[in-house]
Amino acid sequence: MPPTADASHALPNDDAPLLELRDVTRRYTLPRETLWQSAPVVHALAGVSLALQTGRNLGVVGESGSGKSTLARIAMALEPPTSGQVLFQGSDLNQLGSAELRDARRDFQMVFQDPYGSLDPRQRVGRIVTEPLFDASAAQRRERAGTMLDAVGLRASDADKYPHEFSGGQRQRIAIARALITMPKLIVADEPVSALDVSVQAQVLNLLQDLQDQFGVTYLLISHDLAVVDHVCDEVIVMYAGRVVEQGTSDLLFRAAAHPYTQALLAAAEQTRVDAAAPARRCTGIATADTVGATDIGANACAFAPRCRYRQDRCDTERPRLRALDSRHWAACHFAEQIMFQSPSKGDTP
Ligand code: ADP
Ligand code: MG
């Protein structure tokens, strides 16, 4: 995966990425609270670049509010960025006309978190699954729905049923069948297993991997759960407050995290596992319910500084840029090299 810094085009990789984001920003203007205040602005994405290569699944992790879903919607051209470019196989999606975009959409599809809300309860499953096949005949739809339902572990006869007749895990299989029906090259899955029972999560993740082998699709998989990303992804980016703070191969990132935020996420995940084994212990660490206040970032400060156990004066005045630690690993921290070899002390809130 090329770095997300400006040097991304200098990498010796001749293949055009399947998906590329170039310095993408997304601002939302919120309603004013009072007449004499200016409208508050949320920087949901504050300059994100990434490149996803065919066959190399990319995971996006970060806590609630870090910009993951905004990234997904912009990558899928469901909304335009405020600035920056989204390129799919080299073509800028926001420059396409509506007919061209509709054609391009066959190559990238999305799976959402909520398998209840994302399927129309009034439509039969066969209709839902074949919805992206705009110009197919009834006979073609029936045949394709049967094939695809079979591929995701359901039965062809399920096409005649309604979504409420299925469990959460089965509904997510239906959503995956719908995403696959156009034989896309890329599927963006935003928290695809978060709403499912833990016992069902692994089945759905294994299914995604089987389908990758069978259909050659590549995933951009968003999850707040590091284990989910570790299971499926070759590359990972870690987002904090609308920025990429660390990026690398899953092996490097999960085994030698170089950003204090990534270390804290890993420590919190580890703590959750310990707590699950011994529920009486209190869960500590960073993965609390507080969302990232993307509105109150100082112009030049590191956004993570207020929560960072390694904070120095420099962090308040000089925002660290994403920089290469080696050829497969980037981090946005002034002290990445020093802290990479320090394991976070468990239970210590950064
Ligand atoms: P995540 O998926 O990581 O939880 P989101 O992309 O949903 O993060 O949100 C990032 C930030 O942008 C949050 O502060 C969120 O409140 C804000 N945001 C997202 N979508 C909108 C919107 N349509 N209008 C206003 N603010 C939004
Ligand atoms: Mg989200």
# chains A, B, ... in the order shown; residues from 1 in each chain; ligands from 1
$ residues_near_ligand --ligand "ligand 2" --cutoff "8 Å" --atoms "only C-alpha atoms and all ligand atoms" --output "JSON, numbers by chain"
{"A": [64, 65, 67, 68, 69, 70, 190, 191]}
$ write_last_selection --atoms "all heavy atoms" --output "PDB file, in the first residue's frame"
ATOM      1  N   SER A  64     -15.460   5.753  17.599  1.00  0.00           N
ATOM      2  CA  SER A  64     -16.646   6.438  17.092  1.00  0.00           C
ATOM      3  C   SER A  64     -16.350   7.927  16.875  1.00  0.00           C
ATOM      4  O   SER A  64     -15.737   8.572  17.720  1.00  0.00           O
ATOM      5  CB  SER A  64     -17.768   6.254  18.119  1.00  0.00           C
ATOM      6  OG  SER A  64     -18.900   6.945  17.697  1.00  0.00           O
ATOM      7  N   GLY A  65     -16.747   8.438  15.745  1.00  0.00           N
ATOM      8  CA  GLY A  65     -16.556   9.858  15.455  1.00  0.00           C
ATOM      9  C   GLY A  65     -15.251  10.176  14.755  1.00  0.00           C
ATOM     10  O   GLY A  65     -14.971  11.330  14.421  1.00  0.00           O
ATOM     11  N   GLY A  67     -14.379   9.437  11.771  1.00  0.00           N
ATOM     12  CA  GLY A  67     -14.551   9.755  10.355  1.00  0.00           C
ATOM     13  C   GLY A  67     -14.652   8.545   9.446  1.00  0.00           C
ATOM     14  O   GLY A  67     -14.674   8.682   8.215  1.00  0.00           O
ATOM     15  N   LYS A  68     -14.768   7.370  10.017  1.00  0.00           N
ATOM     16  CA  LYS A  68     -14.745   6.136   9.212  1.00  0.00           C
ATOM     17  C   LYS A  68     -15.928   6.049   8.244  1.00  0.00           C
ATOM     18  O   LYS A  68     -15.759   5.740   7.072  1.00  0.00           O
ATOM     19  CB  LYS A  68     -14.749   4.895  10.130  1.00  0.00           C
ATOM     20  CG  LYS A  68     -13.626   4.884  11.151  1.00  0.00           C
ATOM     21  CD  LYS A  68     -13.622   3.614  11.997  1.00  0.00           C
ATOM     22  CE  LYS A  68     -14.893   3.375  12.804  1.00  0.00           C
ATOM     23  NZ  LYS A  68     -15.158   4.403  13.838  1.00  0.00           N
ATOM     24  N   SER A  69     -17.127   6.318   8.742  1.00  0.00           N
ATOM     25  CA  SER A  69     -18.300   6.206   7.869  1.00  0.00           C
ATOM     26  C   SER A  69     -18.312   7.311   6.812  1.00  0.00           C
ATOM     27  O   SER A  69     -18.750   7.078   5.678  1.00  0.00           O
ATOM     28  CB  SER A  69     -19.590   6.257   8.697  1.00  0.00           C
ATOM     29  OG  SER A  69     -19.678   5.112   9.509  1.00  0.00           O
ATOM     30  N   THR A  70     -17.828   8.473   7.181  1.00  0.00           N
ATOM     31  CA  THR A  70     -17.715   9.555   6.195  1.00  0.00           C
ATOM     32  C   THR A  70     -16.758   9.125   5.082  1.00  0.00           C
ATOM     33  O   THR A  70     -17.046   9.308   3.887  1.00  0.00           O
ATOM     34  CB  THR A  70     -17.215  10.845   6.876  1.00  0.00           C
ATOM     35  OG1 THR A  70     -18.108  11.174   7.946  1.00  0.00           O
ATOM     36  CG2 THR A  70     -17.143  11.996   5.895  1.00  0.00           C
ATOM     37  N   ASP A 190     -19.012  -1.281   6.067  1.00  0.00           N
ATOM     38  CA  ASP A 190     -18.907  -0.388   7.230  1.00  0.00           C
ATOM     39  C   ASP A 190     -19.460  -1.111   8.452  1.00  0.00           C
ATOM     40  O   ASP A 190     -20.663  -1.282   8.576  1.00  0.00           O
ATOM     41  CB  ASP A 190     -19.697   0.899   6.955  1.00  0.00           C
ATOM     42  CG  ASP A 190     -19.445   1.962   8.024  1.00  0.00           C
ATOM     43  OD1 ASP A 190     -18.700   1.690   8.983  1.00  0.00           O
ATOM     44  OD2 ASP A 190     -20.007   3.070   7.882  1.00  0.00           O
ATOM     45  N   GLU A 191     -18.582  -1.540   9.314  1.00  0.00           N
ATOM     46  CA  GLU A 191     -18.957  -2.280  10.540  1.00  0.00           C
ATOM     47  C   GLU A 191     -19.907  -3.444  10.202  1.00  0.00           C
ATOM     48  O   GLU A 191     -20.980  -3.564  10.796  1.00  0.00           O
ATOM     49  CB  GLU A 191     -19.641  -1.335  11.544  1.00  0.00           C
ATOM     50  CG  GLU A 191     -18.812  -0.128  11.942  1.00  0.00           C
ATOM     51  CD  GLU A 191     -17.868  -0.392  13.115  1.00  0.00           C
ATOM     52  OE1 GLU A 191     -17.734  -1.565  13.527  1.00  0.00           O
ATOM     53  OE2 GLU A 191     -17.260   0.565  13.591  1.00  0.00           O
TER      54      GLU A 191
END
$ residues_near_ligand --ligand "ligand 1" --cutoff "10 Å" --atoms "only C-alpha atoms and all ligand atoms" --output "JSON, numbers by chain"
{"A": [26, 27, 28, 29, 30, 31, 40, 41, 42, 43, 44, 45, 60, 61, 62, 63, 64, 65, 66, 67, 68, 69, 70, 71, 72, 73, 74, 79, 190, 191, 222, 223, 224, 239, 240, 241, 242, 291, 292, 293, 294, 295]}
$ select_by_dssp --residues "range 91-232 of chain A" --states "helix (DSSP H, G or I)" --output "ChimeraX atom specification"
/A:93-95,98-107,125-129,138-151,156-160,163-165,168-180,198-215,226-232
$ closest_atom_pairs --of "range 36-57 of chain A" --to "range 90-108 of chain A" --cutoff "12 Å" --atoms "only C-alpha atoms" --output "tab-separated table"
residue	atom	partner	partner_atom	distance
A:Ala51	CA	A:Gly90	CA	10.8
A:Leu52	CA	A:Gly90	CA	11.6
A:Gln53	CA	A:Gly90	CA	11.7
$ write_last_selection --atoms "N, CA, C and O atoms" --output "tab-separated table (two decimals), in the first residue's frame"
chain	number	residue	atom	x	y	z
A	51	ALA	N	-4.48	4.44	-0.65
A	51	ALA	CA	-4.56	3.69	-1.90
A	51	ALA	C	-4.80	2.24	-1.56
A	51	ALA	O	-4.17	1.69	-0.67
A	52	LEU	N	-5.75	1.66	-2.27
A	52	LEU	CA	-6.10	0.27	-2.03
A	52	LEU	C	-5.80	-0.51	-3.30
A	52	LEU	O	-6.29	-0.17	-4.38
A	53	GLN	N	-4.98	-1.54	-3.16
A	53	GLN	CA	-4.60	-2.34	-4.33
A	53	GLN	C	-5.48	-3.58	-4.42
A	53	GLN	O	-5.87	-4.14	-3.40
$ closest_residue --among "A:Gln113, A:Pro121, A:Ile187, A:Leu18" --to "Met76 in chain A" --atoms "only C-alpha atoms"
A:Ile187
$ atom_distance --atom1 "CA of Asp150 in chain A" --atom2 "CA of Arg127 in chain A"
15.3 Å
$ residues_around --residues "Gln140 in chain A" --least-positions-apart "5" --cutoff "12 Å" --atoms "only C-alpha atoms" --output "ChimeraX atom specification"
/A:126-127,130,133-135,145-147,181
$ closest_residue --among "A:Met340, A:Ala227, A:Leu325, A:Cys333" --to "Arg273 in chain A" --atoms "only C-alpha atoms"
A:Ala227
$ select_by_dssp --residues "range 208-255 of chain A" --states "strand (DSSP E)" --output "list of chain:residue names"
A:Thr218, A:Tyr219, A:Leu220, A:Leu221, A:Ile222, A:Glu235, A:Val236, A:Ile237, A:Val238, A:Met239, A:Tyr240, A:Arg243, A:Val244, A:Val245, A:Glu246, A:Gln247, A:Gly248, A:Thr249
$ write_last_selection --atoms "all heavy atoms" --output "compact mmCIF listing (two decimals), in the first residue's frame"
# COMPACT_ATOMS: atom_id res chain seq x y z
N THR A 218 -12.18 -7.31 -3.62
CA THR A 218 -11.31 -6.75 -2.58
C THR A 218 -12.17 -5.96 -1.60
O THR A 218 -13.15 -5.34 -2.01
CB THR A 218 -10.24 -5.84 -3.23
OG1 THR A 218 -9.52 -6.60 -4.21
CG2 THR A 218 -9.25 -5.32 -2.20
N TYR A 219 -11.80 -5.99 -0.33
CA TYR A 219 -12.61 -5.31 0.69
C TYR A 219 -11.91 -4.09 1.27
O TYR A 219 -10.71 -4.13 1.55
CB TYR A 219 -12.93 -6.25 1.86
CG TYR A 219 -13.70 -7.48 1.48
CD1 TYR A 219 -13.10 -8.73 1.52
CD2 TYR A 219 -15.03 -7.39 1.09
CE1 TYR A 219 -13.82 -9.87 1.17
CE2 TYR A 219 -15.74 -8.52 0.73
CZ TYR A 219 -15.13 -9.76 0.77
OH TYR A 219 -15.83 -10.88 0.42
N LEU A 220 -12.71 -3.08 1.49
CA LEU A 220 -12.33 -2.00 2.40
C LEU A 220 -13.26 -2.20 3.59
O LEU A 220 -14.47 -2.05 3.47
CB LEU A 220 -12.54 -0.63 1.76
CG LEU A 220 -11.92 0.57 2.50
CD1 LEU A 220 -11.80 1.75 1.54
CD2 LEU A 220 -12.73 1.00 3.70
N LEU A 221 -12.68 -2.61 4.69
CA LEU A 221 -13.49 -3.05 5.81
C LEU A 221 -13.29 -2.11 7.00
O LEU A 221 -12.17 -1.92 7.47
CB LEU A 221 -13.10 -4.47 6.19
CG LEU A 221 -14.00 -5.14 7.20
CD1 LEU A 221 -14.31 -6.56 6.75
CD2 LEU A 221 -13.37 -5.18 8.55
N ILE A 222 -14.39 -1.52 7.41
CA ILE A 222 -14.34 -0.56 8.52
C ILE A 222 -14.81 -1.25 9.78
O ILE A 222 -15.85 -1.92 9.78
CB ILE A 222 -15.25 0.63 8.20
CG1 ILE A 222 -14.65 1.39 7.03
CG2 ILE A 222 -15.45 1.50 9.43
CD1 ILE A 222 -15.55 2.48 6.51
N GLU A 235 -3.81 -4.77 5.03
CA GLU A 235 -3.30 -3.43 5.34
C GLU A 235 -4.30 -2.77 6.29
O GLU A 235 -5.49 -3.07 6.24
CB GLU A 235 -3.24 -2.55 4.08
CG GLU A 235 -2.69 -3.23 2.84
CD GLU A 235 -1.19 -3.16 2.75
OE1 GLU A 235 -0.59 -2.40 3.54
OE2 GLU A 235 -0.62 -3.87 1.91
N VAL A 236 -3.79 -1.84 7.08
CA VAL A 236 -4.67 -1.17 8.04
C VAL A 236 -4.35 0.31 8.08
O VAL A 236 -3.18 0.70 7.99
CB VAL A 236 -4.45 -1.72 9.48
CG1 VAL A 236 -5.45 -1.10 10.46
CG2 VAL A 236 -4.57 -3.22 9.52
N ILE A 237 -5.40 1.13 8.17
CA ILE A 237 -5.16 2.52 8.56
C ILE A 237 -5.92 2.79 9.85
O ILE A 237 -7.00 2.26 10.08
CB ILE A 237 -5.52 3.56 7.47
CG1 ILE A 237 -7.01 3.62 7.22
CG2 ILE A 237 -4.79 3.29 6.19
CD1 ILE A 237 -7.37 4.73 6.24
N VAL A 238 -5.28 3.59 10.69
CA VAL A 238 -5.89 3.97 11.97
C VAL A 238 -6.25 5.44 11.87
O VAL A 238 -5.42 6.28 11.51
CB VAL A 238 -4.89 3.77 13.14
CG1 VAL A 238 -5.55 4.14 14.46
CG2 VAL A 238 -4.40 2.33 13.17
N MET A 239 -7.52 5.73 12.14
CA MET A 239 -7.98 7.13 12.03
C MET A 239 -8.25 7.71 13.41
O MET A 239 -8.75 7.04 14.30
CB MET A 239 -9.26 7.19 11.22
CG MET A 239 -9.01 6.91 9.76
SD MET A 239 -10.45 7.26 8.76
CE MET A 239 -10.63 9.01 9.05
N TYR A 240 -7.89 8.98 13.53
CA TYR A 240 -8.22 9.72 14.74
C TYR A 240 -8.61 11.14 14.34
O TYR A 240 -7.85 11.81 13.64
CB TYR A 240 -7.01 9.75 15.70
CG TYR A 240 -7.37 10.37 17.02
CD1 TYR A 240 -8.04 9.63 17.99
CD2 TYR A 240 -7.08 11.70 17.28
CE1 TYR A 240 -8.40 10.21 19.20
CE2 TYR A 240 -7.44 12.29 18.48
CZ TYR A 240 -8.10 11.54 19.44
OH TYR A 240 -8.47 12.11 20.62
N ARG A 243 -8.19 12.16 10.67
CA ARG A 243 -6.89 12.00 10.02
C ARG A 243 -6.39 10.57 10.17
O ARG A 243 -6.75 9.88 11.12
CB ARG A 243 -5.85 12.92 10.67
CG ARG A 243 -6.03 14.37 10.32
CD ARG A 243 -4.76 15.16 10.68
NE ARG A 243 -4.84 16.48 10.07
CZ ARG A 243 -5.47 17.50 10.63
NH1 ARG A 243 -6.06 17.36 11.80
NH2 ARG A 243 -5.51 18.66 10.00
N VAL A 244 -5.53 10.17 9.23
CA VAL A 244 -4.84 8.90 9.37
C VAL A 244 -3.66 9.13 10.29
O VAL A 244 -2.80 9.97 10.01
CB VAL A 244 -4.36 8.39 8.00
CG1 VAL A 244 -3.56 7.09 8.16
CG2 VAL A 244 -5.54 8.18 7.06
N VAL A 245 -3.60 8.41 11.41
CA VAL A 245 -2.48 8.58 12.33
C VAL A 245 -1.45 7.46 12.21
O VAL A 245 -0.30 7.62 12.61
CB VAL A 245 -2.93 8.74 13.80
CG1 VAL A 245 -3.73 10.02 13.97
CG2 VAL A 245 -3.69 7.53 14.29
N GLU A 246 -1.89 6.31 11.67
CA GLU A 246 -0.93 5.24 11.45
C GLU A 246 -1.44 4.36 10.33
O GLU A 246 -2.65 4.21 10.13
CB GLU A 246 -0.72 4.41 12.72
CG GLU A 246 0.40 3.39 12.57
CD GLU A 246 0.95 2.84 13.88
OE1 GLU A 246 0.44 3.21 14.95
OE2 GLU A 246 1.90 2.05 13.81
N GLN A 247 -0.52 3.78 9.61
CA GLN A 247 -0.86 2.98 8.45
C GLN A 247 0.23 1.96 8.22
O GLN A 247 1.41 2.25 8.41
CB GLN A 247 -0.96 3.91 7.24
CG GLN A 247 -1.21 3.21 5.94
CD GLN A 247 -1.46 4.23 4.84
OE1 GLN A 247 -1.60 5.42 5.09
NE2 GLN A 247 -1.48 3.76 3.63
N GLY A 248 -0.18 0.75 7.82
CA GLY A 248 0.83 -0.26 7.53
C GLY A 248 0.21 -1.61 7.30
O GLY A 248 -1.01 -1.76 7.30
N THR A 249 1.06 -2.60 7.09
CA THR A 249 0.54 -3.95 6.98
C THR A 249 -0.01 -4.38 8.34
O THR A 249 0.46 -3.90 9.38
CB THR A 249 1.64 -4.94 6.55
OG1 THR A 249 2.68 -4.88 7.52
CG2 THR A 249 2.21 -4.58 5.19
$ closest_residue --among "A:Arg171, A:Phe335, A:Leu58, A:Ala156" --to "Gln312 in chain A" --atoms "only C-alpha atoms"
A:Phe335
$ residues_around --residues "Gln338 in chain A" --least-positions-apart "4" --cutoff "10 Å" --atoms "only C-alpha atoms" --output "list of chain:residue names"
A:Ala258, A:His334, A:Gln342
$ atom_distance --atom1 "CA of Leu19 in chain A" --atom2 "CA of Asn57 in chain A"
11.3 Å
$ residues_around --residues "Val129 in chain A" --least-positions-apart "5" --cutoff "8 Å" --atoms "only C-alpha atoms" --output "PyMOL selection string"
chain A and resi 145+174-175+177-179+181
$ closest_residue --among "A:Arg56, A:Pro306, A:Ala46, A:Val111" --to "Ser83 in chain A" --atoms "only C-alpha atoms"
A:Ala46
